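Pasted below: upload26.pdb, PDB, C-alpha atoms.
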```pdb
ATOM      1  CA  MET A   1       0.000   0.000   0.000
ATOM      2  CA  PRO A   2       1.389   3.479  -0.835
ATOM      3  CA  LYS A   3       2.847   5.251   2.197
ATOM      4  CA  ASP A   4       3.081   8.836   0.967
ATOM      5  CA  ARG A   5      -0.032   9.914   2.876
ATOM      6  CA  ALA A   6      -2.040   8.854   5.898
ATOM      7  CA  PRO A   7      -4.493   6.007   5.240
ATOM      8  CA  THR A   8      -8.172   6.848   5.022
ATOM      9  CA  ARG A   9     -10.832   5.363   7.288
ATOM     10  CA  ILE A  10     -11.786   2.851   4.571
ATOM     11  CA  GLN A  11      -8.153   1.859   4.066
ATOM     12  CA  LYS A  12      -7.715   1.290   7.796
ATOM     13  CA  LYS A  13     -10.912  -0.757   7.861
ATOM     14  CA  ASN A  14      -9.783  -2.902   4.922
ATOM     15  CA  ARG A  15      -6.333  -3.515   6.381
ATOM     16  CA  ALA A  16      -7.911  -4.581   9.676
ATOM     17  CA  ALA A  17     -10.299  -6.888   7.804
ATOM     18  CA  ILE A  18      -7.405  -8.444   5.885
ATOM     19  CA  LEU A  19      -5.356  -9.122   9.017
ATOM     20  CA  GLU A  20      -8.353 -10.570  10.863
ATOM     21  CA  ALA A  21      -9.136 -12.848   7.918
ATOM     22  CA  ALA A  22      -5.478 -13.812   7.580
ATOM     23  CA  LEU A  23      -5.278 -14.707  11.264
ATOM     24  CA  GLU A  24      -8.144 -17.154  10.837
ATOM     25  CA  VAL A  25      -6.772 -18.648   7.617
ATOM     26  CA  PHE A  26      -3.147 -18.949   8.784
ATOM     27  CA  SER A  27      -4.061 -20.352  12.217
ATOM     28  CA  THR A  28      -6.338 -22.932  10.555
ATOM     29  CA  HIS A  29      -4.274 -23.965   7.530
ATOM     30  CA  GLY A  30      -0.735 -22.933   8.451
ATOM     31  CA  PHE A  31       1.481 -20.747   6.275
ATOM     32  CA  ARG A  32       1.947 -23.291   3.494
ATOM     33  CA  GLY A  33      -1.723 -24.264   3.334
ATOM     34  CA  ALA A  34      -3.019 -20.685   3.286
ATOM     35  CA  THR A  35      -3.579 -18.812   0.031
ATOM     36  CA  VAL A  36      -4.156 -15.188  -0.880
ATOM     37  CA  ASP A  37      -7.469 -16.219  -2.435
ATOM     38  CA  GLN A  38      -8.634 -17.726   0.872
ATOM     39  CA  ILE A  39      -7.653 -14.598   2.763
ATOM     40  CA  ALA A  40      -9.320 -12.278   0.249
ATOM     41  CA  SER A  41     -12.526 -14.326   0.364
ATOM     42  CA  ALA A  42     -12.565 -14.334   4.175
ATOM     43  CA  ALA A  43     -11.967 -10.570   4.218
ATOM     44  CA  GLY A  44     -14.761  -9.939   1.704
ATOM     45  CA  LEU A  45     -12.375  -8.333  -0.779
ATOM     46  CA  SER A  46     -11.246  -9.140  -4.297
ATOM     47  CA  LYS A  47      -7.728 -10.514  -4.699
ATOM     48  CA  PRO A  48      -6.497  -7.387  -6.579
ATOM     49  CA  ASN A  49      -7.959  -5.197  -3.830
ATOM     50  CA  LEU A  50      -6.161  -7.212  -1.155
ATOM     51  CA  LEU A  51      -2.870  -7.007  -3.068
ATOM     52  CA  TYR A  52      -3.201  -3.211  -3.086
ATOM     53  CA  TYR A  53      -2.673  -3.305   0.681
ATOM     54  CA  TYR A  54      -0.262  -6.240   0.978
ATOM     55  CA  ARG A  55       1.813  -7.270  -2.015
ATOM     56  CA  SER A  56       2.006 -10.988  -1.124
ATOM     57  CA  LYS A  57       1.075 -13.734   1.314
ATOM     58  CA  ASP A  58       4.480 -13.248   2.958
ATOM     59  CA  ALA A  59       3.776  -9.553   3.516
ATOM     60  CA  ILE A  60       0.436 -10.317   5.191
ATOM     61  CA  TYR A  61       2.049 -12.992   7.358
ATOM     62  CA  ALA A  62       4.895 -10.668   8.375
ATOM     63  CA  ALA A  63       2.427  -7.926   9.350
ATOM     64  CA  LEU A  64       0.468 -10.388  11.485
ATOM     65  CA  LEU A  65       3.588 -11.655  13.251
ATOM     66  CA  GLU A  66       4.836  -8.124  13.915
ATOM     67  CA  ARG A  67       1.534  -7.245  15.583
ATOM     68  CA  LEU A  68       1.493 -10.525  17.478
ATOM     69  CA  LEU A  69       5.001 -10.211  18.889
ATOM     70  CA  ASP A  70       4.218  -6.893  20.529
ATOM     71  CA  THR A  71       1.156  -8.432  22.174
ATOM     72  CA  TRP A  72       3.077 -11.565  23.161
ATOM     73  CA  LEU A  73       5.832  -9.662  24.980
ATOM     74  CA  ASP A  74       3.527  -7.363  26.954
ATOM     75  CA  PRO A  75       2.835  -9.799  29.855
ATOM     76  CA  MET A  76       6.562 -10.134  30.577
ATOM     77  CA  ARG A  77       7.110  -6.396  30.279
ATOM     78  CA  ALA A  78       4.418  -5.931  32.958
ATOM     79  CA  ILE A  79       6.469  -7.722  35.647
ATOM     80  CA  ASP A  80       7.262  -5.115  38.329
ATOM     81  CA  PRO A  81      10.865  -5.374  39.612
ATOM     82  CA  ASP A  82       9.780  -3.687  42.860
ATOM     83  CA  GLY A  83       6.748  -5.914  43.467
ATOM     84  CA  ASP A  84       6.492  -9.047  45.585
ATOM     85  CA  PRO A  85       8.480 -11.651  43.590
ATOM     86  CA  LEU A  86       6.086 -14.593  43.950
ATOM     87  CA  SER A  87       3.049 -12.394  43.273
ATOM     88  CA  GLU A  88       4.717 -10.888  40.206
ATOM     89  CA  LEU A  89       5.592 -14.304  38.767
ATOM     90  CA  LEU A  90       2.123 -15.692  39.457
ATOM     91  CA  GLY A  91       0.658 -12.565  37.867
ATOM     92  CA  TYR A  92       2.783 -13.204  34.785
ATOM     93  CA  ILE A  93       1.500 -16.807  34.658
ATOM     94  CA  HIS A  94      -2.090 -15.562  34.953
ATOM     95  CA  ARG A  95      -1.583 -13.089  32.095
ATOM     96  CA  LYS A  96      -0.071 -15.781  29.877
ATOM     97  CA  LEU A  97      -2.962 -18.131  30.652
ATOM     98  CA  GLU A  98      -5.469 -15.375  29.883
ATOM     99  CA  MET A  99      -3.751 -14.803  26.540
ATOM    100  CA  SER A 100      -4.156 -18.500  25.713
ATOM    101  CA  ARG A 101      -7.853 -18.194  26.540
ATOM    102  CA  ASP A 102      -8.424 -14.911  24.715
ATOM    103  CA  TYR A 103      -6.013 -15.274  21.754
ATOM    104  CA  PRO A 104      -5.937 -18.972  20.775
ATOM    105  CA  ARG A 105      -5.544 -18.281  17.054
ATOM    106  CA  GLU A 106      -2.592 -15.965  17.685
ATOM    107  CA  SER A 107      -0.966 -18.618  19.870
ATOM    108  CA  ARG A 108      -1.349 -21.276  17.172
ATOM    109  CA  LEU A 109       0.008 -18.895  14.534
ATOM    110  CA  PHE A 110       3.080 -18.221  16.676
ATOM    111  CA  ALA A 111       3.565 -21.942  17.424
ATOM    112  CA  ASN A 112       3.370 -22.811  13.709
ATOM    113  CA  GLU A 113       5.990 -20.184  12.898
ATOM    114  CA  ILE A 114       8.354 -21.570  15.554
ATOM    115  CA  ILE A 115       7.824 -25.164  14.381
ATOM    116  CA  ARG A 116       8.789 -24.058  10.858
ATOM    117  CA  GLY A 117      12.096 -22.721  12.201
ATOM    118  CA  ALA A 118      10.898 -19.120  12.652
ATOM    119  CA  PRO A 119      11.912 -18.010   9.121
ATOM    120  CA  HIS A 120      10.051 -14.706   9.442
ATOM    121  CA  ILE A 121      10.847 -13.766  13.037
ATOM    122  CA  TYR A 122      14.128 -15.439  14.023
ATOM    123  CA  ASP A 123      15.954 -12.105  14.055
ATOM    124  CA  VAL A 124      13.378 -10.696  16.488
ATOM    125  CA  LEU A 125      13.534 -13.803  18.678
ATOM    126  CA  SER A 126      17.321 -13.582  18.896
ATOM    127  CA  THR A 127      17.325  -9.832  19.624
ATOM    128  CA  ASP A 128      14.184  -8.274  21.142
ATOM    129  CA  LEU A 129      12.841 -11.444  22.768
ATOM    130  CA  LYS A 130      16.257 -12.582  23.987
ATOM    131  CA  ALA A 131      16.994  -9.176  25.495
ATOM    132  CA  LEU A 132      13.707  -9.169  27.404
ATOM    133  CA  VAL A 133      14.162 -12.761  28.629
ATOM    134  CA  ASP A 134      17.757 -11.992  29.680
ATOM    135  CA  GLU A 135      16.538  -8.955  31.621
ATOM    136  CA  THR A 136      13.745 -10.937  33.299
ATOM    137  CA  SER A 137      16.108 -13.809  34.132
ATOM    138  CA  ALA A 138      18.515 -11.369  35.779
ATOM    139  CA  LEU A 139      15.640  -9.999  37.860
ATOM    140  CA  ILE A 140      14.624 -13.524  38.911
ATOM    141  CA  ARG A 141      18.246 -14.287  39.872
ATOM    142  CA  ARG A 142      18.275 -11.146  42.030
ATOM    143  CA  TRP A 143      15.083 -12.207  43.781
ATOM    144  CA  MET A 144      16.661 -15.598  44.449
ATOM    145  CA  ALA A 145      19.886 -14.053  45.771
ATOM    146  CA  GLU A 146      17.837 -11.872  48.115
ATOM    147  CA  GLY A 147      16.066 -14.973  49.461
ATOM    148  CA  HIS A 148      12.583 -14.102  48.188
ATOM    149  CA  ILE A 149      12.085 -17.235  46.081
ATOM    150  CA  ALA A 150      13.692 -20.671  45.775
ATOM    151  CA  GLU A 151      16.692 -21.313  43.543
ATOM    152  CA  VAL A 152      15.731 -22.500  40.059
ATOM    153  CA  ASN A 153      17.158 -21.943  36.596
ATOM    154  CA  PRO A 154      15.368 -18.719  35.529
ATOM    155  CA  TYR A 155      15.450 -19.471  31.819
ATOM    156  CA  HIS A 156      13.908 -22.901  32.236
ATOM    157  CA  LEU A 157      11.375 -21.416  34.648
ATOM    158  CA  ILE A 158      10.283 -19.039  31.884
ATOM    159  CA  PHE A 159      10.206 -21.868  29.322
ATOM    160  CA  SER A 160       8.029 -23.895  31.701
ATOM    161  CA  ILE A 161       5.612 -21.000  32.118
ATOM    162  CA  TRP A 162       5.365 -20.642  28.348
ATOM    163  CA  SER A 163       4.749 -24.337  27.754
ATOM    164  CA  LEU A 164       2.259 -24.832  30.584
ATOM    165  CA  THR A 165       0.161 -21.801  29.677
ATOM    166  CA  GLN A 166       0.277 -21.867  25.864
ATOM    167  CA  HIS A 167      -0.625 -25.565  25.888
ATOM    168  CA  TYR A 168      -4.204 -24.548  26.642
ATOM    169  CA  ALA A 169      -4.412 -22.638  23.365
ATOM    170  CA  ASP A 170      -2.303 -24.832  21.093
ATOM    171  CA  PHE A 171      -3.886 -28.112  22.258
ATOM    172  CA  ASP A 172      -7.378 -26.813  23.014
ATOM    173  CA  VAL A 173      -9.111 -29.563  21.017
ATOM    174  CA  GLN A 174      -7.221 -32.276  22.887
ATOM    175  CA  ILE A 175      -7.973 -30.722  26.280
ATOM    176  CA  ARG A 176     -11.677 -30.378  25.564
ATOM    177  CA  ALA A 177     -11.831 -33.932  24.176
ATOM    178  CA  VAL A 178     -10.382 -35.276  27.433
ATOM    179  CA  LEU A 179     -12.548 -33.037  29.623
ATOM    180  CA  VAL A 180     -15.702 -33.451  27.525
ATOM    181  CA  GLU A 181     -17.640 -35.114  30.358
ATOM    182  CA  ASP A 182     -16.949 -32.144  32.613
ATOM    183  CA  ASP A 183     -18.449 -29.781  29.989
ATOM    184  CA  ALA A 184     -16.686 -26.921  31.719
ATOM    185  CA  ASP A 185     -14.266 -24.125  30.950
ATOM    186  CA  PRO A 186     -10.795 -25.566  31.710
ATOM    187  CA  TYR A 187      -9.240 -22.214  32.572
ATOM    188  CA  PRO A 188     -10.386 -21.695  36.195
ATOM    189  CA  ASP A 189      -9.030 -25.101  37.240
ATOM    190  CA  ALA A 190      -5.901 -24.535  35.154
ATOM    191  CA  LYS A 191      -5.210 -21.298  37.021
ATOM    192  CA  ILE A 192      -5.596 -23.025  40.407
ATOM    193  CA  TYR A 193      -3.338 -25.883  39.320
ATOM    194  CA  LEU A 194      -0.604 -23.612  37.927
ATOM    195  CA  ASP A 195      -0.684 -21.503  41.098
ATOM    196  CA  GLN A 196      -0.118 -24.674  43.129
ATOM    197  CA  VAL A 197       2.704 -25.911  40.901
ATOM    198  CA  PHE A 198       4.665 -22.679  40.765
ATOM    199  CA  THR A 199       4.017 -21.660  44.372
ATOM    200  CA  ARG A 200       5.474 -24.967  45.553
ATOM    201  CA  LEU A 201       8.370 -24.674  43.129
ATOM    202  CA  LEU A 202       9.293 -21.123  44.117
ATOM    203  CA  THR A 203       8.588 -21.113  47.865
ATOM    204  CA  ARG A 204      11.721 -21.483  49.974
TER     205      ARG A 204
END
```
Mind converting the file's structure to structure tokens?
Amino acid sequence: MPKDRAPTRIQKKNRAAILEAALEVFSTHGFRGATVDQIASAAGLSKPNLLYYYRSKDAIYAALLERLLDTWLDPMRAIDPDGDPLSELLGYIHRKLEMSRDYPRESRLFANEIIRGAPHIYDVLSTDLKALVDETSALIRRWMAEGHIAEVNPYHLIFSIWSLTQHYADFDVQIRAVLVEDDADPYPDAKIYLDQVFTRLLTR
């Protein structure tokens, strides 16, 4: 899309419609299985109209991932270095679990990108994400050194939080198939369980 002037209201609306449609198509079919025609149809636009805004499937995918990464990093950025360490870490876990509940398609899109070797976002993972994880790990080490929480490897603690929270989005069908007799939202019990696991792990 030309960038020499600010987009109009219609242009903003169409770009938003394209990204919303692309999120559904990519999270359902993966990058390889998705097509521009599918995205255009889901967005209610013609293919030429869509290509006015994004020149290719790769460009749409890159725009989605860029938006997603900002959202994905926000829960970690919200950890308060001056807060109670256990409360801050449990709060981070709660925010990650809420993201799995509220943004399952985004989680699956991110997981698919990682499984493919992160061809579109590896540079961001090895720079922006790494810097934030390094900073958070240093904070966790400080809390441990001050005796606030038990000694654990901070990086693997973060990886465990990611895996145990994002599982509820990425494997939603499996979870609901197993819990079908309960016919209940799995998230309240998941929050209680994760609180128990990490409180026991981190309490001295």
Run the PyMOL selection byres ((chain A and resi 133-146) around 12) against the file shown and list the residues it catches, as a VMD selection string.
chain A and resid 73 75 to 86 88 to 89 92 125 to 132 147 to 159 162 202 to 204
Suppose a student applies the PyMOL selection byres ((chain A and resi 93-100) around 6) to this structure; what residues should they get, written as a compact mmCIF listing (two decimals) with C-alpha atoms, in the frame of the given file?
```txt
# COMPACT_ATOMS: atom_id res chain seq x y z
CA PRO A 75 2.84 -9.80 29.86
CA LEU A 90 2.12 -15.69 39.46
CA GLY A 91 0.66 -12.56 37.87
CA TYR A 92 2.78 -13.20 34.78
CA ARG A 101 -7.85 -18.19 26.54
CA ASP A 102 -8.42 -14.91 24.72
CA TYR A 103 -6.01 -15.27 21.75
CA PRO A 104 -5.94 -18.97 20.78
CA THR A 165 0.16 -21.80 29.68
CA GLN A 166 0.28 -21.87 25.86
CA ALA A 169 -4.41 -22.64 23.36
```
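Atom to atom, atom CA of Leu19 of chain A and atom CA of Arg55 of chain A stand 13.3 Å apart.
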Would you kindly return, as a ChimeraX atom specification, each protein, DNA or RNA residue with an atom no farther than 12 Å from any atom of Ser41 of chain A, considering only C-alpha atoms and excluding same-chain residues fewer than 6 positions away?
/A:17-18,20-22,24-25,34-35,47-50
Hey, can I get the axis-aligned box for segment 181-198 of chain A? All listed atoms, 5 Å padding on each side, centre and edge lengths in Å to one decimal, as lines of an AutoDock Vina configuration file.
```
center_x = -6.9
center_y = -28.2
center_z = 36.6
size_x = 33.1
size_y = 23.8
size_z = 23.1
```
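For the residues A:Ala16, A:Ala177, A:Leu69, A:Val197, ranking by smallest atom-to-atom distance to Tyr54 of chain A using only C-alpha atoms places A:Ala16 first.
For the pair atom CA of Val178 of chain A and atom CA of Leu23 of chain A, the interatomic distance is 26.7 Å.
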With only C-alpha atoms counted, which protein, DNA or RNA residues have an atom no more than 12 Å from (0.9, -27.3, 23.7) in the file frame? Please answer as a PyMOL selection string.
chain A and resi 100+104+107-108+110-112+115+160-175
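Straight-line separation from atom CA of Arg200 of chain A to atom CA of Val180 of chain A: 29.1 Å.
Distances from A:Val124, A:Ala118, A:Ala59, A:Ile39 to Ser27 of chain A were compared using only C-alpha atoms, and the smallest one belongs to A:Ile39.
Distances to Asp70 of chain A were evaluated for A:Lys191, A:Ser56, A:Ala40, A:Glu106 using only C-alpha atoms, and the minimum falls at A:Glu106.
For the residues A:Leu179, A:Leu68, A:Ile10, A:Ile192, ranking by smallest atom-to-atom distance to Tyr53 of chain A using only C-alpha atoms places A:Ile10 first.
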Which residue gives the smallest distance to Ala42 of chain A among A:Phe26, A:Phe198, A:Tyr122, A:Tyr193, with all atoms listed in the file counted?
A:Phe26
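Nearest residue to Gly30 of chain A among A:Leu65, A:Thr71, A:Ala43, A:Glu113 is A:Glu113, counting all atoms listed in the file.
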Pull out segment 15-149 of chain A, keep C-alpha atoms, and write it as a PDB file, in the first residue's frame.
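For reference, out37.pdb as written:
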```pdb
ATOM      1  CA  ARG A  15      -6.333  -3.515   6.381  1.00  0.00           C
ATOM      2  CA  ALA A  16      -7.911  -4.581   9.676  1.00  0.00           C
ATOM      3  CA  ALA A  17     -10.299  -6.888   7.804  1.00  0.00           C
ATOM      4  CA  ILE A  18      -7.405  -8.444   5.885  1.00  0.00           C
ATOM      5  CA  LEU A  19      -5.356  -9.122   9.017  1.00  0.00           C
ATOM      6  CA  GLU A  20      -8.353 -10.570  10.863  1.00  0.00           C
ATOM      7  CA  ALA A  21      -9.136 -12.848   7.918  1.00  0.00           C
ATOM      8  CA  ALA A  22      -5.478 -13.812   7.580  1.00  0.00           C
ATOM      9  CA  LEU A  23      -5.278 -14.707  11.264  1.00  0.00           C
ATOM     10  CA  GLU A  24      -8.144 -17.154  10.837  1.00  0.00           C
ATOM     11  CA  VAL A  25      -6.772 -18.648   7.617  1.00  0.00           C
ATOM     12  CA  PHE A  26      -3.147 -18.949   8.784  1.00  0.00           C
ATOM     13  CA  SER A  27      -4.061 -20.352  12.217  1.00  0.00           C
ATOM     14  CA  THR A  28      -6.338 -22.932  10.555  1.00  0.00           C
ATOM     15  CA  HIS A  29      -4.274 -23.965   7.530  1.00  0.00           C
ATOM     16  CA  GLY A  30      -0.735 -22.933   8.451  1.00  0.00           C
ATOM     17  CA  PHE A  31       1.481 -20.747   6.275  1.00  0.00           C
ATOM     18  CA  ARG A  32       1.947 -23.291   3.494  1.00  0.00           C
ATOM     19  CA  GLY A  33      -1.723 -24.264   3.334  1.00  0.00           C
ATOM     20  CA  ALA A  34      -3.019 -20.685   3.286  1.00  0.00           C
ATOM     21  CA  THR A  35      -3.579 -18.812   0.031  1.00  0.00           C
ATOM     22  CA  VAL A  36      -4.156 -15.188  -0.880  1.00  0.00           C
ATOM     23  CA  ASP A  37      -7.469 -16.219  -2.435  1.00  0.00           C
ATOM     24  CA  GLN A  38      -8.634 -17.726   0.872  1.00  0.00           C
ATOM     25  CA  ILE A  39      -7.653 -14.598   2.763  1.00  0.00           C
ATOM     26  CA  ALA A  40      -9.320 -12.278   0.249  1.00  0.00           C
ATOM     27  CA  SER A  41     -12.526 -14.326   0.364  1.00  0.00           C
ATOM     28  CA  ALA A  42     -12.565 -14.334   4.175  1.00  0.00           C
ATOM     29  CA  ALA A  43     -11.967 -10.570   4.218  1.00  0.00           C
ATOM     30  CA  GLY A  44     -14.761  -9.939   1.704  1.00  0.00           C
ATOM     31  CA  LEU A  45     -12.375  -8.333  -0.779  1.00  0.00           C
ATOM     32  CA  SER A  46     -11.246  -9.140  -4.297  1.00  0.00           C
ATOM     33  CA  LYS A  47      -7.728 -10.514  -4.699  1.00  0.00           C
ATOM     34  CA  PRO A  48      -6.497  -7.387  -6.579  1.00  0.00           C
ATOM     35  CA  ASN A  49      -7.959  -5.197  -3.830  1.00  0.00           C
ATOM     36  CA  LEU A  50      -6.161  -7.212  -1.155  1.00  0.00           C
ATOM     37  CA  LEU A  51      -2.870  -7.007  -3.068  1.00  0.00           C
ATOM     38  CA  TYR A  52      -3.201  -3.211  -3.086  1.00  0.00           C
ATOM     39  CA  TYR A  53      -2.673  -3.305   0.681  1.00  0.00           C
ATOM     40  CA  TYR A  54      -0.262  -6.240   0.978  1.00  0.00           C
ATOM     41  CA  ARG A  55       1.813  -7.270  -2.015  1.00  0.00           C
ATOM     42  CA  SER A  56       2.006 -10.988  -1.124  1.00  0.00           C
ATOM     43  CA  LYS A  57       1.075 -13.734   1.314  1.00  0.00           C
ATOM     44  CA  ASP A  58       4.480 -13.248   2.958  1.00  0.00           C
ATOM     45  CA  ALA A  59       3.776  -9.553   3.516  1.00  0.00           C
ATOM     46  CA  ILE A  60       0.436 -10.317   5.191  1.00  0.00           C
ATOM     47  CA  TYR A  61       2.049 -12.992   7.358  1.00  0.00           C
ATOM     48  CA  ALA A  62       4.895 -10.668   8.375  1.00  0.00           C
ATOM     49  CA  ALA A  63       2.427  -7.926   9.350  1.00  0.00           C
ATOM     50  CA  LEU A  64       0.468 -10.388  11.485  1.00  0.00           C
ATOM     51  CA  LEU A  65       3.588 -11.655  13.251  1.00  0.00           C
ATOM     52  CA  GLU A  66       4.836  -8.124  13.915  1.00  0.00           C
ATOM     53  CA  ARG A  67       1.534  -7.245  15.583  1.00  0.00           C
ATOM     54  CA  LEU A  68       1.493 -10.525  17.478  1.00  0.00           C
ATOM     55  CA  LEU A  69       5.001 -10.211  18.889  1.00  0.00           C
ATOM     56  CA  ASP A  70       4.218  -6.893  20.529  1.00  0.00           C
ATOM     57  CA  THR A  71       1.156  -8.432  22.174  1.00  0.00           C
ATOM     58  CA  TRP A  72       3.077 -11.565  23.161  1.00  0.00           C
ATOM     59  CA  LEU A  73       5.832  -9.662  24.980  1.00  0.00           C
ATOM     60  CA  ASP A  74       3.527  -7.363  26.954  1.00  0.00           C
ATOM     61  CA  PRO A  75       2.835  -9.799  29.855  1.00  0.00           C
ATOM     62  CA  MET A  76       6.562 -10.134  30.577  1.00  0.00           C
ATOM     63  CA  ARG A  77       7.110  -6.396  30.279  1.00  0.00           C
ATOM     64  CA  ALA A  78       4.418  -5.931  32.958  1.00  0.00           C
ATOM     65  CA  ILE A  79       6.469  -7.722  35.647  1.00  0.00           C
ATOM     66  CA  ASP A  80       7.262  -5.115  38.329  1.00  0.00           C
ATOM     67  CA  PRO A  81      10.865  -5.374  39.612  1.00  0.00           C
ATOM     68  CA  ASP A  82       9.780  -3.687  42.860  1.00  0.00           C
ATOM     69  CA  GLY A  83       6.748  -5.914  43.467  1.00  0.00           C
ATOM     70  CA  ASP A  84       6.492  -9.047  45.585  1.00  0.00           C
ATOM     71  CA  PRO A  85       8.480 -11.651  43.590  1.00  0.00           C
ATOM     72  CA  LEU A  86       6.086 -14.593  43.950  1.00  0.00           C
ATOM     73  CA  SER A  87       3.049 -12.394  43.273  1.00  0.00           C
ATOM     74  CA  GLU A  88       4.717 -10.888  40.206  1.00  0.00           C
ATOM     75  CA  LEU A  89       5.592 -14.304  38.767  1.00  0.00           C
ATOM     76  CA  LEU A  90       2.123 -15.692  39.457  1.00  0.00           C
ATOM     77  CA  GLY A  91       0.658 -12.565  37.867  1.00  0.00           C
ATOM     78  CA  TYR A  92       2.783 -13.204  34.785  1.00  0.00           C
ATOM     79  CA  ILE A  93       1.500 -16.807  34.658  1.00  0.00           C
ATOM     80  CA  HIS A  94      -2.090 -15.562  34.953  1.00  0.00           C
ATOM     81  CA  ARG A  95      -1.583 -13.089  32.095  1.00  0.00           C
ATOM     82  CA  LYS A  96      -0.071 -15.781  29.877  1.00  0.00           C
ATOM     83  CA  LEU A  97      -2.962 -18.131  30.652  1.00  0.00           C
ATOM     84  CA  GLU A  98      -5.469 -15.375  29.883  1.00  0.00           C
ATOM     85  CA  MET A  99      -3.751 -14.803  26.540  1.00  0.00           C
ATOM     86  CA  SER A 100      -4.156 -18.500  25.713  1.00  0.00           C
ATOM     87  CA  ARG A 101      -7.853 -18.194  26.540  1.00  0.00           C
ATOM     88  CA  ASP A 102      -8.424 -14.911  24.715  1.00  0.00           C
ATOM     89  CA  TYR A 103      -6.013 -15.274  21.754  1.00  0.00           C
ATOM     90  CA  PRO A 104      -5.937 -18.972  20.775  1.00  0.00           C
ATOM     91  CA  ARG A 105      -5.544 -18.281  17.054  1.00  0.00           C
ATOM     92  CA  GLU A 106      -2.592 -15.965  17.685  1.00  0.00           C
ATOM     93  CA  SER A 107      -0.966 -18.618  19.870  1.00  0.00           C
ATOM     94  CA  ARG A 108      -1.349 -21.276  17.172  1.00  0.00           C
ATOM     95  CA  LEU A 109       0.008 -18.895  14.534  1.00  0.00           C
ATOM     96  CA  PHE A 110       3.080 -18.221  16.676  1.00  0.00           C
ATOM     97  CA  ALA A 111       3.565 -21.942  17.424  1.00  0.00           C
ATOM     98  CA  ASN A 112       3.370 -22.811  13.709  1.00  0.00           C
ATOM     99  CA  GLU A 113       5.990 -20.184  12.898  1.00  0.00           C
ATOM    100  CA  ILE A 114       8.354 -21.570  15.554  1.00  0.00           C
ATOM    101  CA  ILE A 115       7.824 -25.164  14.381  1.00  0.00           C
ATOM    102  CA  ARG A 116       8.789 -24.058  10.858  1.00  0.00           C
ATOM    103  CA  GLY A 117      12.096 -22.721  12.201  1.00  0.00           C
ATOM    104  CA  ALA A 118      10.898 -19.120  12.652  1.00  0.00           C
ATOM    105  CA  PRO A 119      11.912 -18.010   9.121  1.00  0.00           C
ATOM    106  CA  HIS A 120      10.051 -14.706   9.442  1.00  0.00           C
ATOM    107  CA  ILE A 121      10.847 -13.766  13.037  1.00  0.00           C
ATOM    108  CA  TYR A 122      14.128 -15.439  14.023  1.00  0.00           C
ATOM    109  CA  ASP A 123      15.954 -12.105  14.055  1.00  0.00           C
ATOM    110  CA  VAL A 124      13.378 -10.696  16.488  1.00  0.00           C
ATOM    111  CA  LEU A 125      13.534 -13.803  18.678  1.00  0.00           C
ATOM    112  CA  SER A 126      17.321 -13.582  18.896  1.00  0.00           C
ATOM    113  CA  THR A 127      17.325  -9.832  19.624  1.00  0.00           C
ATOM    114  CA  ASP A 128      14.184  -8.274  21.142  1.00  0.00           C
ATOM    115  CA  LEU A 129      12.841 -11.444  22.768  1.00  0.00           C
ATOM    116  CA  LYS A 130      16.257 -12.582  23.987  1.00  0.00           C
ATOM    117  CA  ALA A 131      16.994  -9.176  25.495  1.00  0.00           C
ATOM    118  CA  LEU A 132      13.707  -9.169  27.404  1.00  0.00           C
ATOM    119  CA  VAL A 133      14.162 -12.761  28.629  1.00  0.00           C
ATOM    120  CA  ASP A 134      17.757 -11.992  29.680  1.00  0.00           C
ATOM    121  CA  GLU A 135      16.538  -8.955  31.621  1.00  0.00           C
ATOM    122  CA  THR A 136      13.745 -10.937  33.299  1.00  0.00           C
ATOM    123  CA  SER A 137      16.108 -13.809  34.132  1.00  0.00           C
ATOM    124  CA  ALA A 138      18.515 -11.369  35.779  1.00  0.00           C
ATOM    125  CA  LEU A 139      15.640  -9.999  37.860  1.00  0.00           C
ATOM    126  CA  ILE A 140      14.624 -13.524  38.911  1.00  0.00           C
ATOM    127  CA  ARG A 141      18.246 -14.287  39.872  1.00  0.00           C
ATOM    128  CA  ARG A 142      18.275 -11.146  42.030  1.00  0.00           C
ATOM    129  CA  TRP A 143      15.083 -12.207  43.781  1.00  0.00           C
ATOM    130  CA  MET A 144      16.661 -15.598  44.449  1.00  0.00           C
ATOM    131  CA  ALA A 145      19.886 -14.053  45.771  1.00  0.00           C
ATOM    132  CA  GLU A 146      17.837 -11.872  48.115  1.00  0.00           C
ATOM    133  CA  GLY A 147      16.066 -14.973  49.461  1.00  0.00           C
ATOM    134  CA  HIS A 148      12.583 -14.102  48.188  1.00  0.00           C
ATOM    135  CA  ILE A 149      12.085 -17.235  46.081  1.00  0.00           C
TER     136      ILE A 149
END
```
